[in-house]
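Structure file work-v3.pdb; described as PDB, C-alpha atoms.
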```
ATOM      1  CA  MET O 895      -4.616  -1.618  -1.281
ATOM      2  CA  ASN O 896      -3.281  -2.759   2.076
ATOM      3  CA  GLN O 897      -4.669  -6.262   1.453
ATOM      4  CA  ILE O 898      -2.904  -6.410  -1.928
ATOM      5  CA  LYS O 899       0.405  -5.435  -0.326
ATOM      6  CA  THR O 900      -0.144  -8.043   2.361
ATOM      7  CA  PHE O 901      -0.789 -10.762  -0.218
ATOM      8  CA  MET O 902       2.297  -9.790  -2.224
ATOM      9  CA  LEU O 903       4.557  -9.804   0.824
ATOM     10  CA  LEU O 904       3.279 -13.152   2.052
ATOM     11  CA  ALA O 905       3.683 -14.564  -1.455
ATOM     12  CA  ALA O 906       7.278 -13.294  -1.511
ATOM     13  CA  MET O 907       8.059 -14.972   1.812
ATOM     14  CA  THR O 908       6.471 -18.236   0.645
ATOM     15  CA  ALA O 909       8.459 -18.077  -2.614
ATOM     16  CA  LEU O 910      11.660 -17.593  -0.622
ATOM     17  CA  PHE O 911      10.865 -20.615   1.500
ATOM     18  CA  VAL O 912      10.083 -22.767  -1.553
ATOM     19  CA  GLY O 913      13.236 -21.508  -3.301
ATOM     20  CA  VAL O 914      15.386 -22.540  -0.362
ATOM     21  CA  GLY O 915      13.751 -25.962  -0.445
ATOM     22  CA  TYR O 916      14.543 -26.300  -4.153
ATOM     23  CA  MET O 917      18.184 -25.278  -3.740
ATOM     24  CA  ILE O 918      18.622 -27.771  -0.929
ATOM     25  CA  GLY O 919      16.648 -30.760  -2.195
ATOM     26  CA  GLY O 920      15.667 -30.110  -5.809
ATOM     27  CA  PRO O 921      12.046 -30.735  -6.900
ATOM     28  CA  THR O 922      11.428 -32.967  -3.894
ATOM     29  CA  GLY O 923      12.757 -30.336  -1.512
ATOM     30  CA  MET O 924      10.641 -27.686  -3.243
ATOM     31  CA  ALA O 925       7.478 -29.770  -2.862
ATOM     32  CA  ILE O 926       8.201 -30.413   0.806
ATOM     33  CA  ALA O 927       8.972 -26.735   1.424
ATOM     34  CA  LEU O 928       5.752 -25.677  -0.332
ATOM     35  CA  ALA O 929       3.730 -28.052   1.824
ATOM     36  CA  PHE O 930       5.386 -26.729   4.970
ATOM     37  CA  ALA O 931       4.830 -23.119   3.824
ATOM     38  CA  LEU O 932       1.110 -23.689   3.226
ATOM     39  CA  VAL O 933       0.663 -25.468   6.550
ATOM     40  CA  GLY O 934       2.723 -22.790   8.283
ATOM     41  CA  ASN O 935       0.591 -20.015   6.782
ATOM     42  CA  LEU O 936      -2.605 -21.708   7.946
ATOM     43  CA  ILE O 937      -1.256 -22.284  11.450
ATOM     44  CA  SER O 938       0.019 -18.715  11.638
ATOM     45  CA  TYR O 939      -3.302 -17.325  10.419
ATOM     46  CA  TRP O 940      -5.409 -19.082  13.027
ATOM     47  CA  ASN O 941      -2.903 -18.901  15.889
ATOM     48  CA  ALA O 942      -0.933 -15.727  15.171
ATOM     49  CA  ASP O 943      -1.374 -14.212  18.615
ATOM     50  CA  LYS O 944      -0.756 -17.481  20.492
ATOM     51  CA  ILE O 945       2.472 -18.247  18.602
ATOM     52  CA  VAL O 946       4.222 -14.958  19.347
ATOM     53  CA  LEU O 947       2.850 -14.522  22.857
ATOM     54  CA  SER O 948       4.094 -18.001  23.684
ATOM     55  CA  MET O 949       7.572 -17.160  22.348
ATOM     56  CA  TYR O 950       7.790 -14.248  24.781
ATOM     57  CA  LYS O 951       5.986 -15.944  27.683
ATOM     58  CA  ALA O 952       3.485 -13.082  27.725
ATOM     59  CA  GLN O 953       0.937 -13.186  30.541
ATOM     60  CA  GLU O 954      -2.559 -11.732  30.282
ATOM     61  CA  VAL O 955      -3.147  -8.909  32.754
ATOM     62  CA  PRO O 956      -5.904  -9.754  35.271
ATOM     63  CA  PRO O 957      -8.254  -6.967  36.429
ATOM     64  CA  ASN O 958      -6.921  -7.213  39.987
ATOM     65  CA  HIS O 959      -3.201  -7.083  39.173
ATOM     66  CA  PRO O 960      -1.321  -5.958  42.307
ATOM     67  CA  ASP O 961       0.871  -3.377  40.505
ATOM     68  CA  ALA O 962      -0.848  -0.004  39.991
ATOM     69  CA  ARG O 963       1.275   0.700  36.911
ATOM     70  CA  VAL O 964       0.117  -2.495  35.230
ATOM     71  CA  ARG O 965      -3.523  -1.782  36.086
ATOM     72  CA  ALA O 966      -3.209   1.735  34.678
ATOM     73  CA  TYR O 967      -1.573   0.410  31.503
ATOM     74  CA  ALA O 968      -4.445  -2.038  30.971
ATOM     75  CA  SER O 969      -7.028   0.634  31.788
ATOM     76  CA  ASP O 970      -5.534   3.051  29.260
ATOM     77  CA  VAL O 971      -5.462   0.410  26.504
ATOM     78  CA  ARG O 972      -9.134  -0.374  27.149
ATOM     79  CA  GLU O 973     -10.058   3.310  27.123
ATOM     80  CA  MET O 974      -8.185   4.049  23.881
ATOM     81  CA  ALA O 975      -9.567   0.970  22.098
ATOM     82  CA  GLN O 976     -13.095   1.915  23.119
ATOM     83  CA  ARG O 977     -12.629   5.520  22.037
ATOM     84  CA  ALA O 978     -11.202   4.386  18.677
ATOM     85  CA  GLY O 979     -14.205   2.085  18.125
ATOM     86  CA  MET O 980     -12.029  -1.027  18.101
ATOM     87  CA  PRO O 981     -12.705  -4.508  19.539
ATOM     88  CA  MET O 982     -10.995  -4.967  22.904
ATOM     89  CA  PRO O 983      -7.600  -6.666  22.449
ATOM     90  CA  LYS O 984      -6.064  -9.126  24.869
ATOM     91  CA  ILE O 985      -3.749  -7.131  27.143
ATOM     92  CA  THR O 986      -0.531  -8.856  28.150
ATOM     93  CA  ILE O 987       2.777  -8.167  29.848
ATOM     94  CA  ILE O 988       6.265  -9.589  29.253
ATOM     95  CA  GLU O 989       9.021  -9.913  31.835
ATOM     96  CA  SER O 990      11.944  -8.028  30.266
ATOM     97  CA  GLU O 991      14.051  -5.097  31.433
ATOM     98  CA  GLN O 992      14.205  -3.700  27.904
ATOM     99  CA  PRO O 993      11.363  -1.215  27.304
ATOM    100  CA  ASN O 994       9.395  -2.329  24.249
ATOM    101  CA  ALA O 995       5.952  -3.349  22.996
ATOM    102  CA  PHE O 996       4.243  -5.109  20.102
ATOM    103  CA  ALA O 997       0.827  -6.164  18.809
ATOM    104  CA  THR O 998      -0.195  -9.449  17.216
ATOM    105  CA  GLY O 999      -3.290 -11.303  15.980
ATOM    106  CA  ARG O1000      -4.989 -12.184  12.709
ATOM    107  CA  ASP O1001      -7.508  -9.307  12.802
ATOM    108  CA  PRO O1002      -8.804  -6.616  15.197
ATOM    109  CA  SER O1003     -11.274  -9.092  16.726
ATOM    110  CA  HIS O1004      -8.487 -11.538  17.596
ATOM    111  CA  ALA O1005      -5.680  -9.162  18.561
ATOM    112  CA  ALA O1006      -3.346  -8.894  21.518
ATOM    113  CA  VAL O1007      -1.014  -6.158  22.707
ATOM    114  CA  ALA O1008       2.054  -6.704  24.848
ATOM    115  CA  ALA O1009       4.241  -4.371  26.881
ATOM    116  CA  THR O1010       7.440  -5.285  28.700
ATOM    117  CA  THR O1011       7.892  -4.653  32.399
ATOM    118  CA  GLY O1012      10.780  -2.395  31.411
ATOM    119  CA  LEU O1013       8.429  -0.196  29.398
ATOM    120  CA  LEU O1014       6.121   0.254  32.397
ATOM    121  CA  SER O1015       9.049   1.005  34.718
ATOM    122  CA  MET O1016      11.030   3.411  32.549
ATOM    123  CA  LEU O1017       8.365   5.518  30.821
ATOM    124  CA  ASP O1018       5.751   7.809  32.309
ATOM    125  CA  ARG O1019       2.064   7.215  31.805
ATOM    126  CA  ARG O1020       1.653   9.614  28.898
ATOM    127  CA  GLU O1021       4.467   7.898  27.023
ATOM    128  CA  ILE O1022       3.106   4.415  27.728
ATOM    129  CA  ARG O1023      -0.332   5.494  26.462
ATOM    130  CA  ALA O1024       1.265   6.812  23.281
ATOM    131  CA  VAL O1025       3.270   3.610  22.726
ATOM    132  CA  MET O1026       0.164   1.476  23.144
ATOM    133  CA  GLY O1027      -1.711   3.840  20.830
ATOM    134  CA  HIS O1028       0.935   2.974  18.226
ATOM    135  CA  GLU O1029       0.280  -0.741  18.775
ATOM    136  CA  LEU O1030      -3.482  -0.243  18.531
ATOM    137  CA  ALA O1031      -2.877   1.545  15.223
ATOM    138  CA  HIS O1032      -1.092  -1.584  13.939
ATOM    139  CA  VAL O1033      -4.164  -3.591  14.941
ATOM    140  CA  ARG O1034      -6.556  -1.116  13.306
ATOM    141  CA  ASN O1035      -4.442  -1.082  10.111
ATOM    142  CA  ARG O1036      -4.484  -4.904  10.067
ATOM    143  CA  ASP O1037      -0.693  -5.046  10.041
ATOM    144  CA  THR O1038      -0.490  -7.682  12.741
ATOM    145  CA  LEU O1039      -1.349 -10.710  10.594
ATOM    146  CA  THR O1040       1.317  -9.912   8.016
ATOM    147  CA  MET O1041       3.916  -9.140  10.666
ATOM    148  CA  THR O1042       3.263 -12.382  12.537
ATOM    149  CA  VAL O1043       3.119 -14.670   9.493
ATOM    150  CA  THR O1044       6.277 -13.038   8.123
ATOM    151  CA  ALA O1045       8.055 -13.675  11.417
ATOM    152  CA  THR O1046       7.040 -17.332  11.283
ATOM    153  CA  ILE O1047       8.147 -17.903   7.681
ATOM    154  CA  ALA O1048      11.357 -15.854   8.055
ATOM    155  CA  GLY O1049      12.310 -17.969  11.040
ATOM    156  CA  ALA O1050      11.542 -21.120   9.057
ATOM    157  CA  ILE O1051      13.724 -19.935   6.152
ATOM    158  CA  SER O1052      16.665 -19.342   8.456
ATOM    159  CA  ALA O1053      16.153 -22.715  10.139
ATOM    160  CA  LEU O1054      15.892 -24.494   6.775
ATOM    161  CA  ALA O1055      19.102 -22.875   5.569
ATOM    162  CA  ASN O1056      20.931 -23.738   8.793
ATOM    163  CA  PHE O1057      19.913 -27.391   8.511
ATOM    164  CA  ALA O1058      20.766 -27.635   4.812
ATOM    165  CA  PHE O1059      23.702 -29.943   5.370
ATOM    166  CA  PHE O1060      21.652 -32.415   7.385
ATOM    167  CA  PHE O1061      18.416 -32.606   5.393
ATOM    168  CA  GLY O1062      19.457 -31.751   1.854
ATOM    169  CA  GLY O1063      19.938 -35.189   0.340
ATOM    170  CA  ASN O1064      22.913 -35.985  -1.899
ATOM    171  CA  ASP O1065      24.713 -33.500  -4.128
ATOM    172  CA  ARG O1066      23.036 -34.752  -7.319
ATOM    173  CA  GLU O1067      19.640 -33.737  -5.946
ATOM    174  CA  ARG O1068      20.834 -30.238  -5.108
ATOM    175  CA  PRO O1069      20.843 -27.631  -7.908
ATOM    176  CA  GLY O1070      24.271 -26.036  -7.630
ATOM    177  CA  GLY O1071      25.559 -28.902  -5.520
ATOM    178  CA  PHE O1072      27.586 -28.172  -2.414
ATOM    179  CA  LEU O1073      28.323 -24.576  -3.430
ATOM    180  CA  GLY O1074      24.614 -23.974  -3.990
ATOM    181  CA  VAL O1075      23.856 -25.064  -0.444
ATOM    182  CA  ILE O1076      26.573 -22.758   0.904
ATOM    183  CA  ALA O1077      25.145 -19.867  -1.128
ATOM    184  CA  ILE O1078      21.576 -20.441   0.051
ATOM    185  CA  MET O1079      22.703 -20.698   3.678
ATOM    186  CA  ILE O1080      24.132 -17.187   3.315
ATOM    187  CA  LEU O1081      21.559 -15.590   1.014
ATOM    188  CA  ALA O1082      18.274 -16.976   2.351
ATOM    189  CA  PRO O1083      18.405 -15.259   5.770
ATOM    190  CA  ILE O1084      19.517 -12.029   4.040
ATOM    191  CA  ALA O1085      16.592 -12.206   1.600
ATOM    192  CA  ALA O1086      14.181 -12.869   4.463
ATOM    193  CA  ALA O1087      15.572  -9.859   6.340
ATOM    194  CA  LEU O1088      15.126  -7.646   3.263
ATOM    195  CA  VAL O1089      11.462  -8.625   2.965
ATOM    196  CA  GLN O1090      11.008  -7.960   6.691
ATOM    197  CA  MET O1091      12.450  -4.472   6.181
ATOM    198  CA  ALA O1092       9.984  -3.801   3.372
ATOM    199  CA  ILE O1093       7.136  -4.819   5.655
ATOM    200  CA  SER O1094       8.171  -2.913   8.714
ATOM    201  CA  ARG O1095       9.564   0.462   7.709
ATOM    202  CA  GLY O1096       6.595   1.978   5.881
ATOM    203  CA  ARG O1097       4.103   0.556   8.343
ATOM    204  CA  GLU O1098       5.956   1.976  11.320
ATOM    205  CA  TYR O1099       5.470   5.511  10.015
ATOM    206  CA  GLU O1100       1.772   4.839   9.471
ATOM    207  CA  ALA O1101       1.400   3.347  12.958
ATOM    208  CA  ASP O1102       3.240   6.312  14.493
ATOM    209  CA  ALA O1103       0.759   8.724  12.911
ATOM    210  CA  GLY O1104      -2.212   6.539  13.848
ATOM    211  CA  GLY O1105      -0.916   6.024  17.378
ATOM    212  CA  ALA O1106      -0.503   9.768  17.876
ATOM    213  CA  GLU O1107      -4.137  10.246  16.842
ATOM    214  CA  ILE O1108      -5.448   7.412  19.022
ATOM    215  CA  SER O1109      -3.564   8.580  22.117
ATOM    216  CA  GLY O1110      -4.038  12.262  21.283
ATOM    217  CA  ASP O1111      -0.437  12.932  22.328
ATOM    218  CA  PRO O1112       2.142  12.958  19.486
ATOM    219  CA  GLY O1113       4.710  14.652  21.723
ATOM    220  CA  ALA O1114       4.560  11.779  24.206
ATOM    221  CA  LEU O1115       5.044   9.267  21.393
ATOM    222  CA  ALA O1116       8.091  11.146  20.085
ATOM    223  CA  SER O1117       9.553  11.231  23.590
ATOM    224  CA  ALA O1118       8.811   7.528  24.138
ATOM    225  CA  LEU O1119      10.503   6.546  20.873
ATOM    226  CA  GLN O1120      13.647   8.424  21.892
ATOM    227  CA  LYS O1121      13.704   6.894  25.348
ATOM    228  CA  ILE O1122      13.093   3.322  24.172
ATOM    229  CA  ASP O1123      15.769   3.656  21.506
ATOM    230  CA  ALA O1124      18.283   5.027  24.025
ATOM    231  CA  TYR O1125      17.588   2.271  26.549
ATOM    232  CA  ALA O1126      17.843  -0.443  23.875
ATOM    233  CA  ARG O1127      21.178   0.939  22.673
ATOM    234  CA  GLY O1128      22.319   1.068  26.292
ATOM    235  CA  GLY O1129      22.703  -2.697  26.345
ATOM    236  CA  ARG O1130      19.524  -3.956  28.013
ATOM    237  CA  VAL O1131      19.126  -7.321  26.332
ATOM    238  CA  ASN O1132      15.770  -8.803  25.387
ATOM    239  CA  LEU O1133      16.741 -12.464  25.602
ATOM    240  CA  GLN O1134      13.582 -13.772  23.943
ATOM    241  CA  ALA O1135      14.072 -11.406  20.988
ATOM    242  CA  GLU O1136      17.724 -12.417  20.626
ATOM    243  CA  ARG O1137      16.597 -16.053  20.463
ATOM    244  CA  ASN O1138      13.860 -15.190  17.917
ATOM    245  CA  PRO O1139      15.367 -12.440  15.707
ATOM    246  CA  ALA O1140      12.760 -13.058  12.994
ATOM    247  CA  THR O1141      10.202 -11.360  15.278
ATOM    248  CA  ALA O1142      12.207  -8.129  15.689
ATOM    249  CA  HIS O1143      10.097  -6.222  13.151
ATOM    250  CA  MET O1144       7.011  -6.628  15.351
ATOM    251  CA  PHE O1145       8.312  -4.364  18.119
ATOM    252  CA  ILE O1146       7.925  -0.588  18.212
ATOM    253  CA  ILE O1147      11.749  -0.286  18.404
ATOM    254  CA  ASN O1148      14.212  -2.922  17.180
ATOM    255  CA  PRO O1149      14.737  -5.138  20.267
ATOM    256  CA  LEU O1150      18.074  -6.541  19.068
ATOM    257  CA  LEU O1151      21.258  -4.953  20.341
ATOM    258  CA  GLY O1152      21.992  -3.382  16.971
ATOM    259  CA  ARG O1153      25.532  -4.664  16.585
ATOM    260  CA  GLY O1154      27.066  -5.999  13.400
ATOM    261  CA  ALA O1155      24.483  -7.443  11.031
ATOM    262  CA  ASP O1156      21.639  -6.060  13.161
ATOM    263  CA  ASN O1157      22.536  -2.571  11.942
ATOM    264  CA  LEU O1158      22.819  -3.689   8.316
ATOM    265  CA  PHE O1159      19.403  -5.345   8.343
ATOM    266  CA  SER O1160      17.539  -3.080  10.742
ATOM    267  CA  THR O1161      13.810  -3.708  10.484
ATOM    268  CA  HIS O1162      12.864  -0.195  11.596
ATOM    269  CA  PRO O1163      13.345   3.343  10.292
ATOM    270  CA  SER O1164      15.727   5.467  12.317
ATOM    271  CA  THR O1165      14.147   6.879  15.456
ATOM    272  CA  GLN O1166      15.203  10.383  14.476
ATOM    273  CA  ASN O1167      13.378  10.071  11.143
ATOM    274  CA  ARG O1168      10.264   8.864  12.941
ATOM    275  CA  VAL O1169      10.361  11.788  15.373
ATOM    276  CA  GLU O1170      10.838  14.214  12.478
ATOM    277  CA  ALA O1171       7.905  12.633  10.622
ATOM    278  CA  LEU O1172       5.690  13.140  13.670
ATOM    279  CA  ALA O1173       6.830  16.760  13.963
ATOM    280  CA  SER O1174       6.122  17.311  10.268
ATOM    281  CA  LYS O1175       2.601  15.881  10.537
ATOM    282  CA  PHE O1176       1.548  17.275  13.916
ATOM    283  CA  GLY O1177       3.703  20.407  14.175
ATOM    284  CA  GLY O1178       4.444  21.733  17.645
ATOM    285  CA  ARG O1179       2.258  19.072  19.265
ATOM    286  CA  ALA O1180       4.932  16.492  18.415
ATOM    287  CA  ALA O1181       7.842  18.447  19.876
ATOM    288  CA  ALA O1182       9.949  16.170  22.038
ATOM    289  CA  THR O1183      12.992  17.303  23.946
ATOM    290  CA  GLN O1184      15.947  14.977  24.452
ATOM    291  CA  PRO O1185      14.722  12.605  27.165
ATOM    292  CA  GLU O1186      16.436  12.482  30.529
ATOM    293  CA  LEU O1187      17.199   8.840  31.198
ATOM    294  CA  VAL O1188      16.658   7.627  34.752
ATOM    295  CA  SER O1189      17.103   4.329  36.492
ATOM    296  CA  PRO O1190      14.017   2.145  36.109
ATOM    297  CA  ARG O1191      13.787   1.311  39.788
ATOM    298  CA  ARG O1192      15.507   2.880  42.787
ATOM    299  CA  ASN O1193      16.477   6.205  41.225
ATOM    300  CA  ARG O1194      13.265   6.823  39.336
ATOM    301  CA  PRO O1195      11.527   9.872  40.822
ATOM    302  CA  LYS O1196       8.045   9.400  42.214
ATOM    303  CA  GLY O1197       5.224  11.162  40.483
ATOM    304  CA  PRO O1198       1.523  11.037  39.606
ATOM    305  CA  TRP O1199       2.131   7.692  37.845
ATOM    306  CA  ASP O1200       2.765   6.059  41.221
ATOM    307  CA  LYS O1201      -0.666   7.181  42.410
ATOM    308  CA  ALA O1202      -2.516   5.522  39.525
ATOM    309  CA  GLN O1203      -5.619   3.708  40.615
ATOM    310  CA  ASP O1204      -7.399   0.794  38.996
ATOM    311  CA  GLY O1205     -10.333   2.926  37.939
ATOM    312  CA  ASP O1206      -8.284   5.612  36.179
ATOM    313  CA  ARG O1207      -9.514   5.999  32.628
ATOM    314  CA  LYS O1208      -7.933   9.335  31.765
ATOM    315  CA  PRO O1209      -4.360  10.565  31.797
ATOM    316  CA  GLY O1210      -5.163  13.049  34.568
ATOM    317  CA  PRO O1211      -2.503  15.603  35.524
ATOM    318  CA  TRP O1212       0.234  13.678  33.643
ATOM    319  CA  GLY O1213      -1.665  13.712  30.335
TER     320      GLY O1213
END
```

Same coordinates, now as structure tokens:
Amino acid sequence: MNQIKTFMLLAAMTALFVGVGYMIGGPTGMAIALAFALVGNLISYWNADKIVLSMYKAQEVPPNHPDARVRAYASDVREMAQRAGMPMPKITIIESEQPNAFATGRDPSHAAVAATTGLLSMLDRREIRAVMGHELAHVRNRDTLTMTVTATIAGAISALANFAFFFGGNDRERPGGFLGVIAIMILAPIAAALVQMAISRGREYEADAGGAEISGDPGALASALQKIDAYARGGRVNLQAERNPATAHMFIINPLLGRGADNLFSTHPSTQNRVEALASKFGGRAAATQPELVSPRRNRPKGPWDKAQDGDRKPGPWG
């Protein structure tokens, strides 16, 4: 069933891309757009992880990373993947103050997970484990291919619409003429955003439930979702995400600032609904009090997290 949904969503994105090409350049534009869509799908399929990781300048975590938090993050991902019977994903880190994370790759054997430096600084170890459990659930559910290919095609649709005036040919070749081009410039990005919403919202609930099971800590996931959402709304900008808004649906929490159109076309369910869904499924184990937000650096209290060692495989006293 999941494969059928994936095929239908990818077909919808390809149809959007071809439709934009037709509105801009008629039959010739449609043929060119179809060729680009097919090539884009093939490139995205074989290089899904590389494309997105390159966008965010993600760096693979070496075993001897000097930061104990980063080593513990990588150790926990390895432990959870092994316990879930999953192939080991590539473990990466992104330089960004905004706490967030995503997973990518064409299948579980070619997957990668990424966490921002802000996530490792602002959340405790239990919460980070739970967030990465959510990302591993996306990998296990084979969501990552669809999410990555959709991001690629959605970005291409927006770019094609933006360049309509320059590459559209003369008005006789354009169905609808000049007004048709204006309409497609407005409607194509909106249509792409609507398809992204359809992809992301249902799958986020499924990944939340799967992540709570993989990490064994639904309460920590509920707390992490609240914290990440609060920090993102607090104005910490993810510059790479702002430059590549078509990838927003890949993150555990919408990385865009959420102003104006970002609210109208949010690619994620509300955090409160997600927390309530966890509480409904896992009962008291998913109870999460309102998080106390602390400074990610100087004012963050020391705790067991700061004593994490490279060999730690279990949450210990903080889990």

Inset, instruction - Point out the residue among O:Leu904, O:Ile937, O:Val914, O:Ala1006 with the least atom-to-atom distance to Arg1034 (chain O), counting only C-alpha atoms. - result: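 Checking each of O:Leu904, O:Ile937, O:Val914, O:Ala1006 against Arg1034 (chain O), counting only C-alpha atoms, the winner is O:Ala1006.
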
Can you spell out as an mmCIF file with C-alpha atoms, in the coordinates of the input the set of residues that the PyMOL selection byres ((chain O and resi 931) around 10) selects in the structure I just provided?
```cif
data_model
loop_
_atom_site.group_PDB
_atom_site.id
_atom_site.type_symbol
_atom_site.label_atom_id
_atom_site.label_comp_id
_atom_site.auth_asym_id
_atom_site.auth_seq_id
_atom_site.Cartn_x
_atom_site.Cartn_y
_atom_site.Cartn_z
ATOM 1 C CA MET O 907 8.059 -14.972 1.812
ATOM 2 C CA THR O 908 6.471 -18.236 0.645
ATOM 3 C CA ALA O 909 8.459 -18.077 -2.614
ATOM 4 C CA LEU O 910 11.660 -17.593 -0.622
ATOM 5 C CA PHE O 911 10.865 -20.615 1.500
ATOM 6 C CA VAL O 912 10.083 -22.767 -1.553
ATOM 7 C CA ALA O 925 7.478 -29.770 -2.862
ATOM 8 C CA ILE O 926 8.201 -30.413 0.806
ATOM 9 C CA ALA O 927 8.972 -26.735 1.424
ATOM 10 C CA LEU O 928 5.752 -25.677 -0.332
ATOM 11 C CA ALA O 929 3.730 -28.052 1.824
ATOM 12 C CA PHE O 930 5.386 -26.729 4.970
ATOM 13 C CA LEU O 932 1.110 -23.689 3.226
ATOM 14 C CA VAL O 933 0.663 -25.468 6.550
ATOM 15 C CA GLY O 934 2.723 -22.790 8.283
ATOM 16 C CA ASN O 935 0.591 -20.015 6.782
ATOM 17 C CA LEU O 936 -2.605 -21.708 7.946
ATOM 18 C CA ILE O 937 -1.256 -22.284 11.450
ATOM 19 C CA THR O 1046 7.040 -17.332 11.283
ATOM 20 C CA ILE O 1047 8.147 -17.903 7.681
ATOM 21 C CA ALA O 1050 11.542 -21.120 9.057
ATOM 22 C CA ILE O 1051 13.724 -19.935 6.152
#
```

Inset, instruction - May I ask for the distance between CA of Pro1163 (chain O) and CA of Arg1095 (chain O), given in Å to one decimal place? - result: 5.4 Å

Go through region 918-1026 of chain O and flag each residue having an atom no more than 9 Å from region 1144-1149 of chain O; for those, report the closest pair of atoms plus their distance in Å to one decimal, using all atoms listed in the file, ordered by chain and rising number, as a Markdown table.
```
| residue | atom | partner | partner_atom | distance |
| --- | --- | --- | --- | --- |
| O:Gln992 | CA | O:Pro1149 | CA | 7.8 |
| O:Pro993 | CA | O:Pro1149 | CA | 8.7 |
| O:Asn994 | CA | O:Ile1146 | CA | 6.5 |
| O:Ala995 | CA | O:Phe1145 | CA | 5.5 |
| O:Phe996 | CA | O:Phe1145 | CA | 4.6 |
| O:Ala997 | CA | O:Met1144 | CA | 7.1 |
| O:Thr998 | CA | O:Met1144 | CA | 8.0 |
| O:Val1025 | CA | O:Ile1146 | CA | 7.7 |
```

Keeping only C-alpha atoms, write those residues as a short mmCIF file (atom, residue, chain, number, x, y, z; two decimals), in the frame of the given file.
```
data_model
loop_
_atom_site.label_atom_id
_atom_site.label_comp_id
_atom_site.auth_asym_id
_atom_site.auth_seq_id
_atom_site.Cartn_x
_atom_site.Cartn_y
_atom_site.Cartn_z
CA GLN O 992 14.20 -3.70 27.90
CA PRO O 993 11.36 -1.22 27.30
CA ASN O 994 9.40 -2.33 24.25
CA ALA O 995 5.95 -3.35 23.00
CA PHE O 996 4.24 -5.11 20.10
CA ALA O 997 0.83 -6.16 18.81
CA THR O 998 -0.20 -9.45 17.22
CA VAL O 1025 3.27 3.61 22.73
#
```

Inset, instruction - Point out the residue among O:Ile1022, O:Ile945, O:Val955, O:Ile985 with the least atom-to-atom distance to Leu1119 (chain O), counting only C-alpha atoms. - result: O:Ile1022

Inset, instruction - Apply the PyMOL selection byres ((chain O and resi 1112) around 8) to the structure shown and report the selected residues as a PyMOL selection string. - result: chain O and resi 1024+1103+1105-1107+1109-1111+1113-1116+1172+1176+1179-1181

Legend entry - Using all atoms listed in the file: which of O:Leu1013, O:Leu1030, O:Ala1101, O:Ala1008 has the shortest distance to Arg1130 (chain O):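 Among the listed residues, the smallest separation from Arg1130 (chain O) belongs to O:Leu1013.
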
Report as JSON the centre and the edge lengths, in Å to one decimal, of the axis-aligned box holding every listed atom of region 1019-1032 of chain O, padded by 3 Å on each side.
```
{"center_x": 0.5, "center_y": 4.0, "center_z": 22.9, "size_x": 13.9, "size_y": 17.2, "size_z": 23.9}
```

Inset, instruction - Rounded to one decimal place, report the CA of Arg963 (chain O)-CA of Lys1121 (chain O) distance in Å. - result: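 A separation of 18.1 Å between them.
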
Legend entry - Distance of CA of Thr1044 (chain O) from CA of Glu991 (chain O), expressed in Å to one decimal place: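 Computing it gives 25.8 Å between the two atoms.
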
Legend entry - Counting only C-alpha atoms, the option among O:Asp1123, O:Leu1133, O:Thr986, O:Asp1102 closest to Ala1171 (chain O):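 Nearest to Ala1171 (chain O): O:Asp1102.
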
Legend entry - Proximity to Trp940 (chain O) - best of O:Gly999, O:Gly1096, O:Gly1012, O:Gly1128, only C-alpha atoms: O:Gly999

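Shortest atom-to-atom contact with Met949 (chain O) among O:Ser969, O:Thr1141, O:Ser1003, O:Ser990: O:Thr1141, counting all atoms listed in the file.
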